[in-house]
$ cat model-v6.txt   # compact mmCIF, C-alpha atoms
# COMPACT_ATOMS: atom_id res chain seq x y z
CA MET A 1 -161.10 -78.75 37.46
CA ASP A 2 -161.99 -75.40 38.82
CA GLN A 3 -160.08 -72.68 40.62
CA SER A 4 -158.05 -72.80 43.81
CA LEU A 5 -156.88 -69.25 44.20
CA PRO A 6 -154.25 -68.17 46.75
CA THR A 7 -155.55 -68.04 50.29
CA THR A 8 -153.96 -64.93 51.84
CA ARG A 9 -156.43 -62.10 52.23
CA ASP A 10 -154.72 -58.91 53.37
CA GLY A 11 -157.40 -56.42 52.35
CA ARG A 12 -155.05 -54.24 50.30
CA ARG A 13 -156.79 -51.94 47.85
CA ALA A 14 -156.07 -52.54 44.16
CA ALA A 15 -154.93 -48.94 43.69
CA GLY A 16 -151.93 -49.62 45.92
CA HIS A 17 -151.44 -53.27 45.12
CA PRO A 18 -148.04 -54.26 43.63
CA ALA A 19 -149.74 -56.03 40.71
CA VAL A 20 -151.14 -52.74 39.39
CA ILE A 21 -148.19 -50.43 40.07
CA ASP A 22 -145.28 -50.25 37.62
CA THR A 23 -141.61 -49.71 38.50
CA ALA A 24 -142.03 -45.94 38.26
CA GLY A 25 -144.84 -46.00 40.81
CA VAL A 26 -147.51 -45.31 38.18
CA THR A 27 -150.82 -47.17 38.23
CA ARG A 28 -150.88 -49.61 35.33
CA SER A 29 -153.56 -49.22 32.69
CA PHE A 30 -156.42 -51.52 31.81
CA ASP A 31 -154.71 -52.47 28.56
CA ALA A 32 -151.39 -53.25 30.26
CA LEU A 33 -153.01 -55.48 32.88
CA VAL A 34 -155.10 -57.32 30.28
CA ALA A 35 -152.12 -57.84 27.98
CA GLU A 36 -150.10 -59.30 30.83
CA ALA A 37 -152.92 -61.71 31.71
CA LEU A 38 -153.29 -62.82 28.09
CA ALA A 39 -149.55 -63.53 27.84
CA ALA A 40 -149.39 -65.61 31.04
CA PRO A 41 -149.20 -69.42 30.65
CA ILE A 42 -152.23 -71.43 31.79
CA GLU A 43 -150.87 -74.98 31.91
CA GLY A 44 -151.36 -76.73 35.23
CA TRP A 45 -153.78 -75.91 38.03
CA ASN A 46 -151.67 -74.36 40.76
CA PHE A 47 -152.75 -70.73 40.07
CA ASP A 48 -149.36 -69.36 41.15
CA TRP A 49 -149.68 -66.45 38.72
CA LEU A 50 -152.57 -65.12 40.81
CA ASP A 51 -150.56 -65.01 44.03
CA GLY A 52 -151.06 -61.52 45.46
CA ARG A 53 -153.67 -60.66 42.82
CA ALA A 54 -156.66 -62.78 43.86
CA THR A 55 -157.69 -64.81 46.88
CA GLU A 56 -160.18 -67.51 47.78
CA GLU A 57 -161.26 -68.87 51.14
CA ARG A 58 -160.72 -72.57 51.70
CA PRO A 59 -163.48 -75.05 52.58
CA PRO A 60 -163.48 -76.21 56.22
CA TRP A 61 -163.11 -79.95 55.44
CA ARG A 62 -159.50 -79.72 54.11
CA TYR A 63 -159.78 -81.94 51.08
CA SER A 64 -156.08 -82.55 50.54
CA ARG A 65 -155.62 -83.71 54.12
CA ARG A 66 -158.57 -86.12 53.86
CA ALA A 67 -157.40 -87.40 50.50
CA THR A 68 -153.86 -87.91 51.79
CA ARG A 69 -155.16 -90.04 54.66
CA ALA A 70 -157.24 -92.04 52.20
CA ILE A 71 -154.17 -92.59 49.98
CA ALA A 72 -152.27 -93.95 52.97
CA GLU A 73 -154.99 -96.55 53.49
CA ALA A 74 -155.27 -97.56 49.83
CA ASP A 75 -153.50 -100.12 47.67
CA ARG A 76 -154.57 -98.93 44.20
CA VAL A 77 -155.45 -95.26 43.61
CA LEU A 78 -156.92 -93.31 40.67
CA ASP A 79 -157.01 -89.50 40.44
CA VAL A 80 -159.61 -88.43 37.84
CA GLN A 81 -159.01 -85.15 35.95
CA THR A 82 -155.71 -84.55 37.72
CA GLY A 83 -154.88 -81.28 35.91
CA GLY A 84 -151.11 -80.83 35.95
CA GLY A 85 -150.75 -83.41 38.71
CA GLU A 86 -149.46 -80.89 41.24
CA LEU A 87 -151.93 -81.66 44.02
CA LEU A 88 -151.68 -85.42 43.58
CA ALA A 89 -147.89 -85.18 43.75
CA GLU A 90 -148.11 -83.21 47.01
CA MET A 91 -150.49 -85.74 48.53
CA LEU A 92 -148.37 -88.72 47.46
CA ALA A 93 -145.31 -87.04 48.97
CA ASP A 94 -147.17 -86.40 52.23
CA ALA A 95 -148.74 -89.86 52.55
CA PRO A 96 -146.91 -92.00 55.16
CA THR A 97 -147.20 -95.13 53.00
CA ASP A 98 -147.07 -95.66 49.23
CA PRO A 99 -149.88 -97.34 47.31
CA ALA A 100 -148.89 -100.30 45.16
CA MET A 101 -150.27 -98.54 42.05
CA VAL A 102 -151.39 -95.01 41.23
CA ALA A 103 -153.01 -93.85 37.99
CA ALA A 104 -154.38 -90.51 36.82
CA THR A 105 -156.46 -89.17 33.95
CA GLU A 106 -156.49 -85.75 32.29
CA SER A 107 -158.31 -84.48 29.20
CA TRP A 108 -156.28 -81.41 28.17
CA ALA A 109 -153.06 -82.41 26.40
CA PRO A 110 -150.82 -79.61 27.83
CA ASN A 111 -151.92 -80.51 31.36
CA ALA A 112 -151.50 -84.23 30.67
CA ALA A 113 -147.93 -83.64 29.51
CA ARG A 114 -147.23 -81.59 32.62
CA ALA A 115 -148.82 -84.26 34.82
CA CYS A 116 -146.57 -86.92 33.26
CA ARG A 117 -143.51 -84.90 34.24
CA THR A 118 -144.79 -83.97 37.70
CA LEU A 119 -145.93 -87.48 38.62
CA ALA A 120 -143.09 -89.46 37.04
CA PRO A 121 -141.08 -89.61 40.31
CA PHE A 122 -144.05 -91.39 41.92
CA GLY A 123 -144.46 -93.93 39.13
CA VAL A 124 -147.93 -92.66 38.24
CA ARG A 125 -149.43 -93.72 34.92
CA VAL A 126 -151.20 -90.75 33.30
CA SER A 127 -153.83 -91.43 30.63
CA VAL A 128 -155.32 -88.81 28.31
CA VAL A 129 -159.08 -89.30 28.67
CA GLU A 130 -161.91 -86.97 27.67
CA ASP A 131 -163.84 -85.76 30.71
CA ALA A 132 -167.10 -87.45 29.72
CA SER A 133 -165.52 -90.64 28.35
CA ALA A 134 -165.32 -94.08 29.91
CA LEU A 135 -162.30 -94.72 32.11
CA PRO A 136 -159.66 -96.97 30.47
CA PHE A 137 -159.43 -99.41 33.37
CA ASP A 138 -160.84 -102.84 34.14
CA ASP A 139 -163.77 -103.37 36.49
CA ALA A 140 -162.97 -103.29 40.22
CA THR A 141 -159.39 -102.03 39.71
CA PHE A 142 -159.14 -99.39 42.45
CA ASP A 143 -159.93 -99.15 46.13
CA LEU A 144 -159.72 -95.33 46.03
CA VAL A 145 -160.83 -92.87 43.35
CA LEU A 146 -160.04 -89.20 43.92
CA SER A 147 -161.13 -86.09 42.05
CA ARG A 148 -160.78 -82.42 42.80
CA HIS A 149 -162.99 -80.05 40.84
CA PRO A 150 -163.98 -82.46 38.06
CA VAL A 151 -165.58 -80.91 34.99
CA VAL A 152 -167.81 -83.96 34.51
CA THR A 153 -168.34 -86.93 36.83
CA ARG A 154 -169.12 -90.28 35.23
CA TRP A 155 -170.65 -91.87 38.30
CA ASP A 156 -171.28 -95.12 36.43
CA GLU A 157 -167.59 -95.32 35.59
CA VAL A 158 -166.47 -94.43 39.10
CA SER A 159 -168.66 -97.20 40.46
CA ARG A 160 -167.43 -99.67 37.84
CA VAL A 161 -163.70 -99.22 38.49
CA LEU A 162 -164.04 -99.27 42.28
CA ARG A 163 -163.55 -102.52 44.12
CA PRO A 164 -166.31 -103.58 46.54
CA GLY A 165 -165.73 -101.48 49.64
CA GLY A 166 -163.75 -98.94 47.61
CA ARG A 167 -164.23 -95.20 48.11
CA TYR A 168 -164.72 -92.10 45.98
CA VAL A 169 -163.34 -89.04 47.81
CA ALA A 170 -163.75 -85.73 46.01
CA GLN A 171 -164.26 -81.99 46.15
CA HIS A 172 -166.63 -80.63 43.52
CA VAL A 173 -167.57 -77.17 42.28
CA GLY A 174 -171.15 -76.40 43.23
CA ALA A 175 -173.93 -74.81 41.19
CA GLY A 176 -173.68 -71.07 40.65
CA SER A 177 -170.02 -70.80 41.60
CA ASN A 178 -168.78 -67.22 41.11
CA ARG A 179 -172.13 -66.28 39.62
CA GLU A 180 -171.59 -62.61 40.52
CA LEU A 181 -168.71 -62.51 38.02
CA THR A 182 -170.75 -64.37 35.41
CA ASP A 183 -173.69 -61.99 35.86
CA PHE A 184 -171.51 -58.87 35.83
CA LEU A 185 -170.14 -59.74 32.39
CA MET A 186 -173.11 -61.53 30.82
CA GLY A 187 -176.14 -60.15 32.60
CA GLU A 188 -178.16 -62.24 35.02
CA GLN A 189 -177.96 -65.93 34.12
CA PRO A 190 -180.02 -68.88 35.35
CA VAL A 191 -178.28 -71.28 37.71
CA ALA A 192 -178.58 -74.88 36.55
CA SER A 193 -178.80 -77.71 39.08
CA LEU A 194 -176.35 -79.92 37.18
CA ARG A 195 -173.51 -79.17 39.60
CA SER A 196 -175.56 -79.15 42.79
CA PRO A 197 -174.60 -81.48 45.67
CA GLU A 198 -178.17 -82.79 45.69
CA ARG A 199 -177.84 -83.85 42.05
CA ALA A 200 -174.46 -85.47 42.77
CA GLU A 201 -175.94 -87.48 45.61
CA VAL A 202 -178.82 -88.72 43.45
CA ASP A 203 -176.50 -89.64 40.57
CA ALA A 204 -174.03 -91.42 42.87
CA ARG A 205 -176.80 -93.52 44.41
CA ARG A 206 -178.21 -94.36 40.98
CA ALA A 207 -174.76 -95.67 40.05
CA GLY A 208 -174.86 -98.03 43.02
CA LEU A 209 -172.75 -96.05 45.48
CA ASP A 210 -173.58 -95.29 49.11
CA VAL A 211 -173.00 -91.62 49.93
CA ARG A 212 -171.36 -91.51 53.36
CA ASP A 213 -170.49 -87.81 53.61
CA LEU A 214 -171.74 -84.68 51.85
CA ARG A 215 -170.75 -81.16 52.94
CA ARG A 216 -171.27 -77.73 51.38
CA ALA A 217 -169.46 -74.40 51.62
CA THR A 218 -169.79 -70.88 50.18
CA LEU A 219 -166.40 -69.17 49.94
CA VAL A 220 -165.44 -65.52 49.42
CA VAL A 221 -163.35 -64.85 46.30
CA GLU A 222 -161.62 -61.50 45.71
CA PHE A 223 -159.94 -60.16 42.57
CA PHE A 224 -157.60 -57.22 43.10
CA ASP A 225 -156.98 -56.22 39.48
CA ILE A 226 -158.58 -56.79 36.08
CA GLY A 227 -155.63 -58.89 34.95
CA SER A 228 -156.48 -61.47 37.59
CA VAL A 229 -160.06 -61.64 36.29
CA VAL A 230 -158.93 -62.15 32.69
CA TYR A 231 -156.42 -64.81 33.66
CA PHE A 232 -159.00 -66.61 35.76
CA LEU A 233 -161.53 -66.62 32.93
CA ARG A 234 -158.91 -68.01 30.52
CA LEU A 235 -158.20 -70.84 32.93
CA VAL A 236 -161.82 -71.48 33.97
CA PRO A 237 -163.70 -70.58 30.76
CA TRP A 238 -166.99 -72.13 31.80
CA THR A 239 -167.50 -69.25 34.24
CA VAL A 240 -168.22 -67.09 31.18
CA PRO A 241 -168.75 -69.50 28.26
CA GLY A 242 -167.01 -68.41 25.09
CA PHE A 243 -164.98 -65.78 26.93
CA VAL A 244 -162.65 -63.63 24.84
CA VAL A 245 -161.49 -60.17 25.86
CA ASP A 246 -162.75 -58.36 22.75
CA ARG A 247 -166.28 -59.67 23.23
CA TYR A 248 -166.45 -58.40 26.81
CA ARG A 249 -164.11 -55.40 26.65
CA ASP A 250 -166.74 -52.83 27.67
CA ARG A 251 -167.86 -54.79 30.71
CA LEU A 252 -164.26 -55.61 31.61
CA SER A 253 -163.50 -51.87 31.49
CA ASP A 254 -166.42 -51.24 33.83
CA LEU A 255 -165.13 -53.93 36.15
CA HIS A 256 -161.63 -52.44 36.04
CA ARG A 257 -163.00 -49.08 37.16
CA SER A 258 -165.02 -50.75 39.91
CA ILE A 259 -161.93 -52.55 41.25
CA GLU A 260 -159.95 -49.30 41.23
CA THR A 261 -162.72 -47.64 43.25
CA GLU A 262 -163.64 -50.46 45.63
CA GLY A 263 -160.25 -52.17 45.96
CA ALA A 264 -161.50 -55.59 44.86
CA PHE A 265 -164.28 -57.44 43.08
CA ARG A 266 -165.91 -59.98 45.40
CA CYS A 267 -167.88 -63.04 44.46
CA HIS A 268 -168.56 -66.46 45.97
CA ALA A 269 -167.31 -69.90 45.03
CA GLN A 270 -169.52 -72.90 45.76
CA ARG A 271 -167.86 -76.14 46.85
CA PHE A 272 -168.98 -79.49 48.17
CA PHE A 273 -167.16 -82.50 49.55
CA ILE A 274 -168.50 -85.95 48.80
CA GLU A 275 -167.42 -89.40 49.91
CA ALA A 276 -169.19 -92.42 48.45
CA VAL A 277 -168.55 -96.14 48.85
CA ARG A 278 -169.21 -99.08 46.56
CA PRO A 279 -171.01 -101.64 48.74
CA GLY A 280 -169.02 -104.78 49.51
$ encode --input "model-v6.txt" --output "structure tokens"
Amino acid sequence: MDQSLPTTRDGRRAAGHPAVIDTAGVTRSFDALVAEALAAPIEGWNFDWLDGRATEERPPWRYSRRATRAIAEADRVLDVQTGGGELLAEMLADAPTDPAMVAATESWAPNAARACRTLAPFGVRVSVVEDASALPFDDATFDLVLSRHPVVTRWDEVSRVLRPGGRYVAQHVGAGSNRELTDFLMGEQPVASLRSPERAEVDARRAGLDVRDLRRATLVVEFFDIGSVVYFLRLVPWTVPGFVVDRYRDRLSDLHRSIETEGAFRCHAQRFFIEAVRPG
């Protein structure tokens, strides 16, 4: 479950951006911006708090549109690591037909509780399941498994719960996503292949799935104030493992000054789309 920042990119400089100007027209301090980010709630995965403060390009394949079409063609649907359920709810509302059964999993209790509330109108059963655990469903239960930005993918479990002919349709975070931000705060770090699309394809095939589609994209991400960086790192802590403000205060201060000078901090998110089918 990784980031999906707001999409609008207007090129405004941070020094004149509303997020960093107080009601008296005075530029807000590093401490004020950080304190605001630390106080903001992080339940759910809609990133509304970052609207106007950070942006991210969208991949060209339009995952939600593809997933919505797949939902319309499915009878039994599972959304793995659903977050707060916001995206699944949107897709269910947009689908022209309703599946007979929809289930979802989520590992983080606050998100699971939010998903239960968000998805209740659609009759979705939400199960609290650790990301690397087995899925609590019988073999060959679903003809569609969805996942958007999973932390861990249990390919063996995806294959097991899919019916013959069933599909896995997902958007994953690729290796080295936002590595410029990681390296700025931590120093240059090696990029592991664990999240690479090539590794995903190999693991899916080992689990008995046929990979029908695999696409990659590198997307520009911009942060317009240091508060947006801190909030993002709270919500996506694996970008800087063990992140706490006090540990990285000096580097965050450097980044704050850089944003004030340059107008934004730019990095690049890695994404890939994958569709795999369990042979009939």
$ closest_residue --input "model-v6.txt" --among "A:Ala192, A:Ala95, A:Leu38, A:Val244" --to "A:Gly176" --atoms "all atoms listed in the file"
A:Ala192
$ residues_near_point --input "model-v6.txt" --point "(-152.2, -86.7, 47.3)" --cutoff "10 Å" --atoms "only C-alpha atoms" --output "PDB file with C-alpha atoms, keeping the file's coordinate frame"
ATOM      1  CA  TYR A  63    -159.780 -81.940  51.080  1.00  0.00           C
ATOM      2  CA  SER A  64    -156.080 -82.550  50.540  1.00  0.00           C
ATOM      3  CA  ARG A  65    -155.620 -83.710  54.120  1.00  0.00           C
ATOM      4  CA  ARG A  66    -158.570 -86.120  53.860  1.00  0.00           C
ATOM      5  CA  ALA A  67    -157.400 -87.400  50.500  1.00  0.00           C
ATOM      6  CA  THR A  68    -153.860 -87.910  51.790  1.00  0.00           C
ATOM      7  CA  ARG A  69    -155.160 -90.040  54.660  1.00  0.00           C
ATOM      8  CA  ALA A  70    -157.240 -92.040  52.200  1.00  0.00           C
ATOM      9  CA  ILE A  71    -154.170 -92.590  49.980  1.00  0.00           C
ATOM     10  CA  ALA A  72    -152.270 -93.950  52.970  1.00  0.00           C
ATOM     11  CA  VAL A  77    -155.450 -95.260  43.610  1.00  0.00           C
ATOM     12  CA  ASP A  79    -157.010 -89.500  40.440  1.00  0.00           C
ATOM     13  CA  GLY A  85    -150.750 -83.410  38.710  1.00  0.00           C
ATOM     14  CA  GLU A  86    -149.460 -80.890  41.240  1.00  0.00           C
ATOM     15  CA  LEU A  87    -151.930 -81.660  44.020  1.00  0.00           C
ATOM     16  CA  LEU A  88    -151.680 -85.420  43.580  1.00  0.00           C
ATOM     17  CA  ALA A  89    -147.890 -85.180  43.750  1.00  0.00           C
ATOM     18  CA  GLU A  90    -148.110 -83.210  47.010  1.00  0.00           C
ATOM     19  CA  MET A  91    -150.490 -85.740  48.530  1.00  0.00           C
ATOM     20  CA  LEU A  92    -148.370 -88.720  47.460  1.00  0.00           C
ATOM     21  CA  ALA A  93    -145.310 -87.040  48.970  1.00  0.00           C
ATOM     22  CA  ASP A  94    -147.170 -86.400  52.230  1.00  0.00           C
ATOM     23  CA  ALA A  95    -148.740 -89.860  52.550  1.00  0.00           C
ATOM     24  CA  LEU A 146    -160.040 -89.200  43.920  1.00  0.00           C
TER      25      LEU A 146
END
$ closest_residue --input "model-v6.txt" --among "A:Val230, A:Met101, A:Ala140, A:Cys267" --to "A:Gly280" --atoms "only C-alpha atoms"
A:Ala140
$ closest_residue --input "model-v6.txt" --among "A:Thr55, A:Thr97, A:Ser253, A:Gln189" --to "A:Ala74" --atoms "only C-alpha atoms"
A:Thr97
$ closest_residue --input "model-v6.txt" --among "A:Pro136, A:Glu73, A:Leu33, A:Val221" --to "A:Asn178" --atoms "all atoms listed in the file"
A:Val221
$ axis_aligned_box --input "model-v6.txt" --around "stretch 67-70 of chain A" --padding-each-side "8 Å" --output "AutoDock Vina command-line options"
--center_x -155.6 --center_y -89.7 --center_z 52.6 --size_x 19.5 --size_y 20.6 --size_z 20.2
$ atom_distance --input "model-v6.txt" --atom1 "atom CA of A:Ser133" --atom2 "atom CA of A:Asp203"
16.5 Å
$ atom_distance --input "model-v6.txt" --atom1 "atom CA of A:Leu185" --atom2 "atom CA of A:Asp246"
12.2 Å
$ closest_residue --input "model-v6.txt" --among "A:Pro41, A:Pro60, A:Pro279, A:Gly123" --to "A:Gly166" --atoms "all atoms listed in the file"
A:Pro279
$ closest_residue --input "model-v6.txt" --among "A:Ser177, A:Thr82, A:Thr141, A:Ser127" --to "A:Gly165" --atoms "only C-alpha atoms"
A:Thr141
$ atom_distance --input "model-v6.txt" --atom1 "atom CA of A:Ala204" --atom2 "atom CA of A:Val152"
12.8 Å
$ residues_near_point --input "model-v6.txt" --point "(-171.6, -81.5, 51.8)" --cutoff "7 Å" --atoms "only C-alpha atoms" --output "list in words"
Pro197, Asp213, Leu214, Arg215, Arg216, Phe272, Phe273 and Ile274 of chain A
$ residues_around --input "model-v6.txt" --residues "A:Val211" --least-positions-apart "6" --cutoff "9 Å" --atoms "only C-alpha atoms" --output "MDAnalysis selection string"
chainID A and resid 201 204:205 274:277
